[in-house]
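Q: Dropping a structure here in structure tokens format, bear with me for questions.
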Amino acid sequence: MSVMYTVSRGAAASRCLKKVLQANVMKRNCSSEASKQNFKTLKITRPADYVVQVELNRPDKRNAMNTDFWRDMRACFTELASDGDCRAVVLSGAGRIFTAGLDLTDNKDLKLDMLASPDIDYARKAVQLRKEIKLLQDSFNVIENCPKPVIAAVHNACVGGGIDMICACDIRYCSSDAWFSIKEVDIGITADLGTLQRLPKQIGNDSLARELAFTARKMYADEAKEIGLVSRIFSDREKLVEGAIELAKTIASKSPVAVQGSKISMNYSRDHSVQEGLEHIMTWNQGMVQSEDVMKSIMASMNKEKATFSKL
């Protein structure tokens, strides 16, 4: 009787394990399919193992940000955040320029008709507008909140909302013809999607950040590198994208546990005190240093080999 019970239990365990394995395969397939979905304003490619290139894909409209763009960005980076086949992202632009910023001719999210209506109460307009601004902010917050490092590859013009977008990225490269403009004051509004909050911390120069925000003047590639907005300049768009992909490949070759933990810790520490940051990473690492990636990295280093890491 006990032998029969043992065999039965073993068979049940085997069936259970088989179901778990099938579920994991289905989950991986679903993740892969999700990352291949078609977006109206973005082109998604995988130029190397664990590297995803997200390309702004409205070249005939100078990659201006319309209603579909905001939805695509939220959906795309939400999916990439949980995609085990993605460890680094390159964000680039198709066509002549990186982005002209907000598309005022095709942006239902701005609720311009509602704002112009004299029949709607100011308070109710404000409440509705606040909801819409939050959705637009989330369209770039997803870049910052995505645990995978995101590299912005900027060529030619990066205007208005483009600055908000690249400030939410982890690393910024540009081509020698790149220029940047916080354009919002020229259309009578205050930048509200992240530039004013992130840029002063990134360049470490509050005076210059205010100058750029107050005047909307153009800042060219050499000045952008000098102040630390970008870390490298390439001669043209082709070499820029190649350089960004090479960097993404290097990042993707490292332990995803270590890389993603680094991004999460650095984002947290930026907005907290040193002591709070230390407490955060201590809590994080008390679990994460138990990862198999630690031993794999040590053994690979000792044997002068390249470590291969499991999907996270």
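By order of appearance in the structure tokens: chains A, B, ..., then residues from 1 within every chain, and ligands from 1 in the order shown.
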So that I can check the secondary structure, give me every residue of range 76-259 of chain A assigned helix (DSSP H, G or I) by backbone DSSP, as a compact mmCIF listing (two decimals) with N, CA and C atoms, in the first residue's frame.
A:
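As a result, result28.txt now contains:
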```
# COMPACT_ATOMS: atom_id res chain seq x y z
N CYS A 76 4.23 50.32 -24.23
CA CYS A 76 5.52 49.75 -24.61
C CYS A 76 6.43 49.54 -23.39
N PHE A 77 6.63 50.59 -22.61
CA PHE A 77 7.58 50.47 -21.50
C PHE A 77 7.02 49.69 -20.31
N THR A 78 5.71 49.62 -20.20
CA THR A 78 5.12 48.74 -19.19
C THR A 78 5.41 47.29 -19.54
N GLU A 79 5.33 46.95 -20.82
CA GLU A 79 5.63 45.59 -21.26
C GLU A 79 7.13 45.28 -21.12
N LEU A 80 7.97 46.22 -21.52
CA LEU A 80 9.41 45.98 -21.44
C LEU A 80 9.87 45.80 -20.00
N ALA A 81 9.19 46.44 -19.07
CA ALA A 81 9.57 46.33 -17.66
C ALA A 81 9.51 44.88 -17.17
N LYS A 108 -5.69 64.95 -28.95
CA LYS A 108 -6.98 65.02 -28.26
C LYS A 108 -6.81 65.07 -26.75
N ASP A 109 -5.68 64.60 -26.25
CA ASP A 109 -5.45 64.59 -24.80
C ASP A 109 -5.37 66.00 -24.22
N LEU A 110 -5.07 66.99 -25.05
CA LEU A 110 -4.94 68.35 -24.54
C LEU A 110 -6.29 69.00 -24.23
N LEU A 112 -8.32 70.77 -25.99
CA LEU A 112 -8.35 72.18 -26.38
C LEU A 112 -9.77 72.69 -26.58
N ASP A 113 -10.65 71.83 -27.11
CA ASP A 113 -12.04 72.25 -27.31
C ASP A 113 -12.71 72.55 -25.97
N MET A 114 -12.44 71.70 -25.00
CA MET A 114 -13.02 71.91 -23.67
C MET A 114 -12.50 73.20 -23.06
N LEU A 115 -11.20 73.43 -23.19
CA LEU A 115 -10.61 74.62 -22.58
C LEU A 115 -11.16 75.91 -23.20
N ALA A 116 -11.50 75.84 -24.49
CA ALA A 116 -12.00 77.04 -25.17
C ALA A 116 -13.48 77.30 -24.90
N TYR A 122 -14.64 76.64 -14.69
CA TYR A 122 -13.18 76.61 -14.59
C TYR A 122 -12.68 75.46 -13.72
N ALA A 123 -13.33 75.23 -12.60
CA ALA A 123 -12.90 74.17 -11.69
C ALA A 123 -13.00 72.81 -12.35
N ARG A 124 -14.07 72.60 -13.12
CA ARG A 124 -14.26 71.31 -13.78
C ARG A 124 -13.27 71.13 -14.93
N LYS A 125 -12.94 72.22 -15.60
CA LYS A 125 -11.87 72.15 -16.60
C LYS A 125 -10.55 71.76 -15.95
N ALA A 126 -10.29 72.38 -14.79
CA ALA A 126 -9.02 72.12 -14.10
C ALA A 126 -8.91 70.68 -13.65
N VAL A 127 -10.00 70.12 -13.12
CA VAL A 127 -9.98 68.73 -12.66
C VAL A 127 -9.73 67.79 -13.83
N GLN A 128 -10.40 68.04 -14.96
CA GLN A 128 -10.21 67.19 -16.13
C GLN A 128 -8.80 67.32 -16.69
N LEU A 129 -8.31 68.56 -16.73
CA LEU A 129 -6.97 68.79 -17.27
C LEU A 129 -5.91 68.14 -16.40
N ARG A 130 -6.11 68.15 -15.09
CA ARG A 130 -5.16 67.50 -14.19
C ARG A 130 -5.04 66.01 -14.49
N LYS A 131 -6.17 65.37 -14.77
CA LYS A 131 -6.16 63.94 -15.12
C LYS A 131 -5.36 63.70 -16.39
N GLU A 132 -5.56 64.57 -17.37
CA GLU A 132 -4.86 64.40 -18.64
C GLU A 132 -3.36 64.63 -18.49
N ILE A 133 -2.98 65.65 -17.71
CA ILE A 133 -1.55 65.91 -17.48
C ILE A 133 -0.90 64.71 -16.79
N LYS A 134 -1.62 64.11 -15.85
CA LYS A 134 -1.08 62.94 -15.14
C LYS A 134 -0.82 61.79 -16.11
N LEU A 135 -1.72 61.57 -17.07
CA LEU A 135 -1.51 60.52 -18.05
C LEU A 135 -0.29 60.81 -18.92
N LEU A 136 -0.12 62.07 -19.31
CA LEU A 136 1.04 62.44 -20.12
C LEU A 136 2.33 62.26 -19.31
N GLN A 137 2.32 62.65 -18.04
CA GLN A 137 3.49 62.45 -17.18
C GLN A 137 3.83 60.96 -17.07
N ASP A 138 2.80 60.15 -16.92
CA ASP A 138 3.02 58.71 -16.81
C ASP A 138 3.64 58.12 -18.07
N SER A 139 3.43 58.78 -19.21
CA SER A 139 3.99 58.30 -20.47
C SER A 139 5.51 58.37 -20.48
N PHE A 140 6.09 59.24 -19.64
CA PHE A 140 7.54 59.30 -19.49
C PHE A 140 8.00 58.71 -18.17
N ASN A 141 7.16 58.76 -17.15
CA ASN A 141 7.52 58.12 -15.88
C ASN A 141 7.76 56.62 -16.07
N VAL A 142 7.07 56.01 -17.05
CA VAL A 142 7.27 54.57 -17.28
C VAL A 142 8.69 54.27 -17.72
N ILE A 143 9.35 55.24 -18.36
CA ILE A 143 10.75 55.04 -18.74
C ILE A 143 11.62 54.98 -17.49
N GLU A 144 11.43 55.95 -16.61
CA GLU A 144 12.20 55.99 -15.37
C GLU A 144 11.89 54.80 -14.48
N ASN A 145 10.63 54.38 -14.43
CA ASN A 145 10.22 53.29 -13.55
C ASN A 145 10.52 51.91 -14.13
N GLY A 161 8.68 68.39 -25.44
CA GLY A 161 8.46 67.10 -24.81
C GLY A 161 9.61 66.13 -24.99
N GLY A 162 10.43 66.36 -26.01
CA GLY A 162 11.62 65.51 -26.20
C GLY A 162 12.58 65.63 -25.04
N ILE A 163 12.72 66.83 -24.49
CA ILE A 163 13.58 67.03 -23.32
C ILE A 163 13.00 66.30 -22.11
N ASP A 164 11.68 66.41 -21.92
CA ASP A 164 11.02 65.67 -20.83
C ASP A 164 11.34 64.18 -20.96
N MET A 165 11.27 63.67 -22.19
CA MET A 165 11.44 62.24 -22.43
C MET A 165 12.87 61.79 -22.16
N ILE A 166 13.86 62.50 -22.69
CA ILE A 166 15.24 62.04 -22.51
C ILE A 166 15.71 62.22 -21.06
N CYS A 167 15.11 63.19 -20.35
CA CYS A 167 15.47 63.36 -18.94
C CYS A 167 15.00 62.18 -18.09
N LYS A 183 11.02 74.20 -25.09
CA LYS A 183 10.28 75.11 -25.96
C LYS A 183 8.97 75.62 -25.36
N GLU A 184 8.54 75.06 -24.24
CA GLU A 184 7.19 75.32 -23.75
C GLU A 184 6.86 76.80 -23.55
N VAL A 185 7.82 77.60 -23.07
CA VAL A 185 7.49 79.01 -22.82
C VAL A 185 7.12 79.75 -24.10
N ASP A 186 7.58 79.25 -25.24
CA ASP A 186 7.26 79.90 -26.51
C ASP A 186 5.82 79.65 -26.95
N ILE A 187 5.14 78.69 -26.31
CA ILE A 187 3.72 78.49 -26.61
C ILE A 187 2.87 78.79 -25.37
N THR A 195 10.92 67.80 -17.20
CA THR A 195 12.16 68.55 -17.44
C THR A 195 12.55 69.40 -16.23
N LEU A 196 11.62 70.18 -15.71
CA LEU A 196 11.94 71.11 -14.62
C LEU A 196 12.28 70.38 -13.33
N GLN A 197 11.83 69.14 -13.20
CA GLN A 197 12.10 68.36 -12.00
C GLN A 197 13.40 67.56 -12.11
N ARG A 198 13.71 67.07 -13.32
CA ARG A 198 14.86 66.17 -13.47
C ARG A 198 16.13 66.89 -13.95
N LEU A 199 15.97 67.81 -14.90
CA LEU A 199 17.14 68.42 -15.54
C LEU A 199 18.09 69.11 -14.55
N PRO A 200 17.61 69.94 -13.59
CA PRO A 200 18.56 70.60 -12.67
C PRO A 200 19.41 69.61 -11.89
N LYS A 201 18.84 68.47 -11.53
CA LYS A 201 19.60 67.46 -10.79
C LYS A 201 20.61 66.77 -11.70
N GLN A 202 20.24 66.59 -12.95
CA GLN A 202 21.12 65.87 -13.87
C GLN A 202 22.32 66.69 -14.30
N ILE A 203 22.14 67.99 -14.47
CA ILE A 203 23.28 68.81 -14.93
C ILE A 203 23.99 69.51 -13.77
N ASP A 206 21.65 74.77 -11.44
CA ASP A 206 20.30 75.31 -11.37
C ASP A 206 20.16 76.59 -12.18
N SER A 207 21.20 77.41 -12.18
CA SER A 207 21.17 78.66 -12.93
C SER A 207 20.98 78.41 -14.42
N LEU A 208 21.75 77.48 -14.97
CA LEU A 208 21.65 77.18 -16.40
C LEU A 208 20.31 76.52 -16.72
N ALA A 209 19.84 75.65 -15.87
CA ALA A 209 18.55 75.00 -16.09
C ALA A 209 17.44 76.04 -16.19
N ARG A 210 17.51 77.05 -15.32
CA ARG A 210 16.51 78.12 -15.35
C ARG A 210 16.65 78.98 -16.61
N GLU A 211 17.88 79.25 -16.99
CA GLU A 211 18.11 80.01 -18.22
C GLU A 211 17.47 79.31 -19.41
N LEU A 212 17.69 78.01 -19.52
CA LEU A 212 17.15 77.24 -20.64
C LEU A 212 15.63 77.20 -20.61
N ALA A 213 15.06 77.07 -19.41
CA ALA A 213 13.61 76.99 -19.27
C ALA A 213 12.93 78.33 -19.51
N PHE A 214 13.59 79.41 -19.11
CA PHE A 214 12.99 80.74 -19.24
C PHE A 214 13.09 81.32 -20.65
N THR A 215 14.09 80.86 -21.42
CA THR A 215 14.35 81.48 -22.72
C THR A 215 14.01 80.59 -23.92
N ALA A 221 25.08 70.39 -29.21
CA ALA A 221 25.68 69.15 -28.69
C ALA A 221 26.87 69.39 -27.78
N ASP A 222 27.78 70.29 -28.18
CA ASP A 222 28.99 70.49 -27.38
C ASP A 222 28.65 71.04 -25.99
N GLU A 223 27.69 71.97 -25.93
CA GLU A 223 27.29 72.51 -24.63
C GLU A 223 26.57 71.44 -23.81
N ALA A 224 25.74 70.63 -24.48
CA ALA A 224 25.01 69.57 -23.79
C ALA A 224 25.96 68.58 -23.14
N LYS A 225 27.08 68.29 -23.84
CA LYS A 225 28.07 67.38 -23.24
C LYS A 225 28.85 68.07 -22.13
N GLU A 226 29.15 69.34 -22.32
CA GLU A 226 29.91 70.08 -21.32
C GLU A 226 29.17 70.14 -19.98
N ILE A 227 27.86 70.29 -20.03
CA ILE A 227 27.10 70.41 -18.78
C ILE A 227 26.65 69.05 -18.24
N ARG A 237 24.02 60.26 -37.21
CA ARG A 237 22.96 59.43 -36.62
C ARG A 237 23.31 57.94 -36.66
N GLU A 238 23.87 57.48 -37.79
CA GLU A 238 24.18 56.05 -37.92
C GLU A 238 25.17 55.60 -36.85
N LYS A 239 26.23 56.35 -36.68
CA LYS A 239 27.23 55.98 -35.67
C LYS A 239 26.66 56.16 -34.26
N LEU A 240 25.78 57.13 -34.09
CA LEU A 240 25.13 57.33 -32.80
C LEU A 240 24.33 56.10 -32.38
N VAL A 241 23.49 55.62 -33.27
CA VAL A 241 22.65 54.46 -32.95
C VAL A 241 23.52 53.22 -32.74
N GLU A 242 24.55 53.07 -33.57
CA GLU A 242 25.48 51.94 -33.39
C GLU A 242 26.14 52.00 -32.02
N GLY A 243 26.58 53.20 -31.63
CA GLY A 243 27.22 53.35 -30.32
C GLY A 243 26.27 53.06 -29.18
N ALA A 244 25.02 53.51 -29.31
CA ALA A 244 24.03 53.25 -28.26
C ALA A 244 23.72 51.77 -28.15
N ILE A 245 23.64 51.08 -29.29
CA ILE A 245 23.37 49.64 -29.27
C ILE A 245 24.55 48.88 -28.66
N GLU A 246 25.79 49.30 -28.99
CA GLU A 246 26.96 48.65 -28.40
C GLU A 246 26.96 48.80 -26.88
N LEU A 247 26.61 49.99 -26.41
CA LEU A 247 26.51 50.18 -24.97
C LEU A 247 25.43 49.30 -24.38
N ALA A 248 24.28 49.22 -25.05
CA ALA A 248 23.19 48.38 -24.57
C ALA A 248 23.60 46.91 -24.52
N LYS A 249 24.38 46.46 -25.51
CA LYS A 249 24.86 45.08 -25.53
C LYS A 249 25.78 44.81 -24.33
N THR A 250 26.64 45.77 -24.01
CA THR A 250 27.52 45.62 -22.85
C THR A 250 26.71 45.51 -21.57
N ILE A 251 25.73 46.40 -21.42
CA ILE A 251 24.87 46.36 -20.23
C ILE A 251 24.12 45.03 -20.16
N ALA A 252 23.61 44.58 -21.32
CA ALA A 252 22.82 43.35 -21.35
C ALA A 252 23.66 42.12 -21.04
N PRO A 256 21.56 40.73 -14.84
CA PRO A 256 20.36 41.57 -14.80
C PRO A 256 19.94 41.90 -13.37
N VAL A 257 20.27 41.03 -12.44
CA VAL A 257 19.97 41.30 -11.02
C VAL A 257 20.76 42.53 -10.56
N ALA A 258 22.05 42.56 -10.91
CA ALA A 258 22.92 43.66 -10.48
C ALA A 258 22.59 44.96 -11.20
N VAL A 259 22.38 44.88 -12.52
CA VAL A 259 22.11 46.10 -13.30
C VAL A 259 20.79 46.73 -12.89
```
Q: What's the 7 Å shell around Met65 in chain A, counting only C-alpha atoms, without same-chain residues fewer than 6 positions away, as JSON, numbers by chain?
A: {"A": [101, 102, 103]}
Q: Grab the CA of Ser310 in chain A to CA of Ile171 in chain A distance for me, in Å with one decimal place.
A: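 Value for the CA of Ser310 in chain A-CA of Ile171 in chain A distance: 24.6 Å.
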Q: Run DSSP on the backbone of this structure and report the residues of range 129-221 of chain A it assigns to strand (DSSP E or B), as a PyMOL selection string.
A: chain A and resi 150-154+157-159+171-175+179-181+219-220
Q: Using the selection just defined, write its residues with N, CA and C atoms as a compact mmCIF listing (two decimals), in the first residue's frame.
A:
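Dumped everything to again_3.txt:
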```txt
# COMPACT_ATOMS: atom_id res chain seq x y z
N VAL A 150 17.67 52.59 -19.93
CA VAL A 150 17.21 53.13 -21.20
C VAL A 150 18.21 54.18 -21.69
N ILE A 151 18.72 53.99 -22.91
CA ILE A 151 19.71 54.88 -23.50
C ILE A 151 19.04 55.70 -24.58
N ALA A 152 19.03 57.01 -24.43
CA ALA A 152 18.47 57.90 -25.45
C ALA A 152 19.54 58.22 -26.48
N ALA A 153 19.19 58.06 -27.75
CA ALA A 153 20.11 58.38 -28.85
C ALA A 153 19.50 59.53 -29.65
N VAL A 154 19.98 60.75 -29.39
CA VAL A 154 19.35 61.96 -29.92
C VAL A 154 20.12 62.49 -31.13
N ALA A 157 17.15 67.71 -33.93
CA ALA A 157 16.34 68.46 -32.96
C ALA A 157 15.71 67.58 -31.88
N CYS A 158 15.79 68.09 -30.66
CA CYS A 158 15.10 67.47 -29.52
C CYS A 158 14.40 68.63 -28.80
N VAL A 159 13.09 68.74 -29.03
CA VAL A 159 12.37 69.94 -28.65
C VAL A 159 11.25 69.63 -27.64
N ILE A 171 20.73 57.15 -19.65
CA ILE A 171 21.95 57.58 -20.32
C ILE A 171 21.53 58.29 -21.60
N ARG A 172 22.25 59.36 -21.93
CA ARG A 172 21.92 60.13 -23.13
C ARG A 172 23.16 60.30 -24.00
N TYR A 173 23.06 59.84 -25.25
CA TYR A 173 24.06 60.07 -26.28
C TYR A 173 23.43 60.99 -27.33
N CYS A 174 24.28 61.68 -28.12
CA CYS A 174 23.73 62.49 -29.22
C CYS A 174 24.70 62.53 -30.38
N SER A 175 24.20 62.99 -31.52
CA SER A 175 25.04 63.20 -32.70
C SER A 175 25.55 64.64 -32.68
N TRP A 179 20.57 69.39 -31.23
CA TRP A 179 20.32 70.59 -30.43
C TRP A 179 19.06 70.37 -29.60
N PHE A 180 18.99 71.09 -28.51
CA PHE A 180 17.96 70.86 -27.50
C PHE A 180 17.28 72.20 -27.16
N SER A 181 15.96 72.15 -26.96
CA SER A 181 15.24 73.38 -26.60
C SER A 181 14.05 73.05 -25.71
N MET A 219 20.31 74.74 -27.29
CA MET A 219 21.57 74.30 -26.71
C MET A 219 22.12 73.21 -27.63
N TYR A 220 23.33 73.41 -28.11
CA TYR A 220 23.90 72.48 -29.08
C TYR A 220 24.69 71.36 -28.40
```
Q: Interatomic distance between CA of Lys254 in chain A and CA of Glu276 in chain A?
A: 26.6 Å
Q: Interatomic distance between CA of Thr190 in chain A and CA of Gly160 in chain A?
A: 10.3 Å
Q: Could you pull the residues within 9 Å of Glu292 in chain A, counting only C-alpha atoms, minus those fewer than 4 positions along the same chain, as a JSON list (two decimals) with C-alpha atoms, in the first residue's frame?
A:
```json
[["chain", "number", "residue", "atom", "x", "y", "z"],
["A", 296, "LYS", "CA", 28.43, 32.83, -11.80],
["A", 297, "SER", "CA", 30.23, 36.18, -11.96],
["A", 309, "PHE", "CA", 22.98, 34.75, -16.81],
["A", 310, "SER", "CA", 19.45, 33.37, -16.64]]
```
Q: What lies within 9 Å of Glu55 in chain A using only C-alpha atoms, ignoring chain neighbours under 5 positions off, as a count of residues only?
A: 10
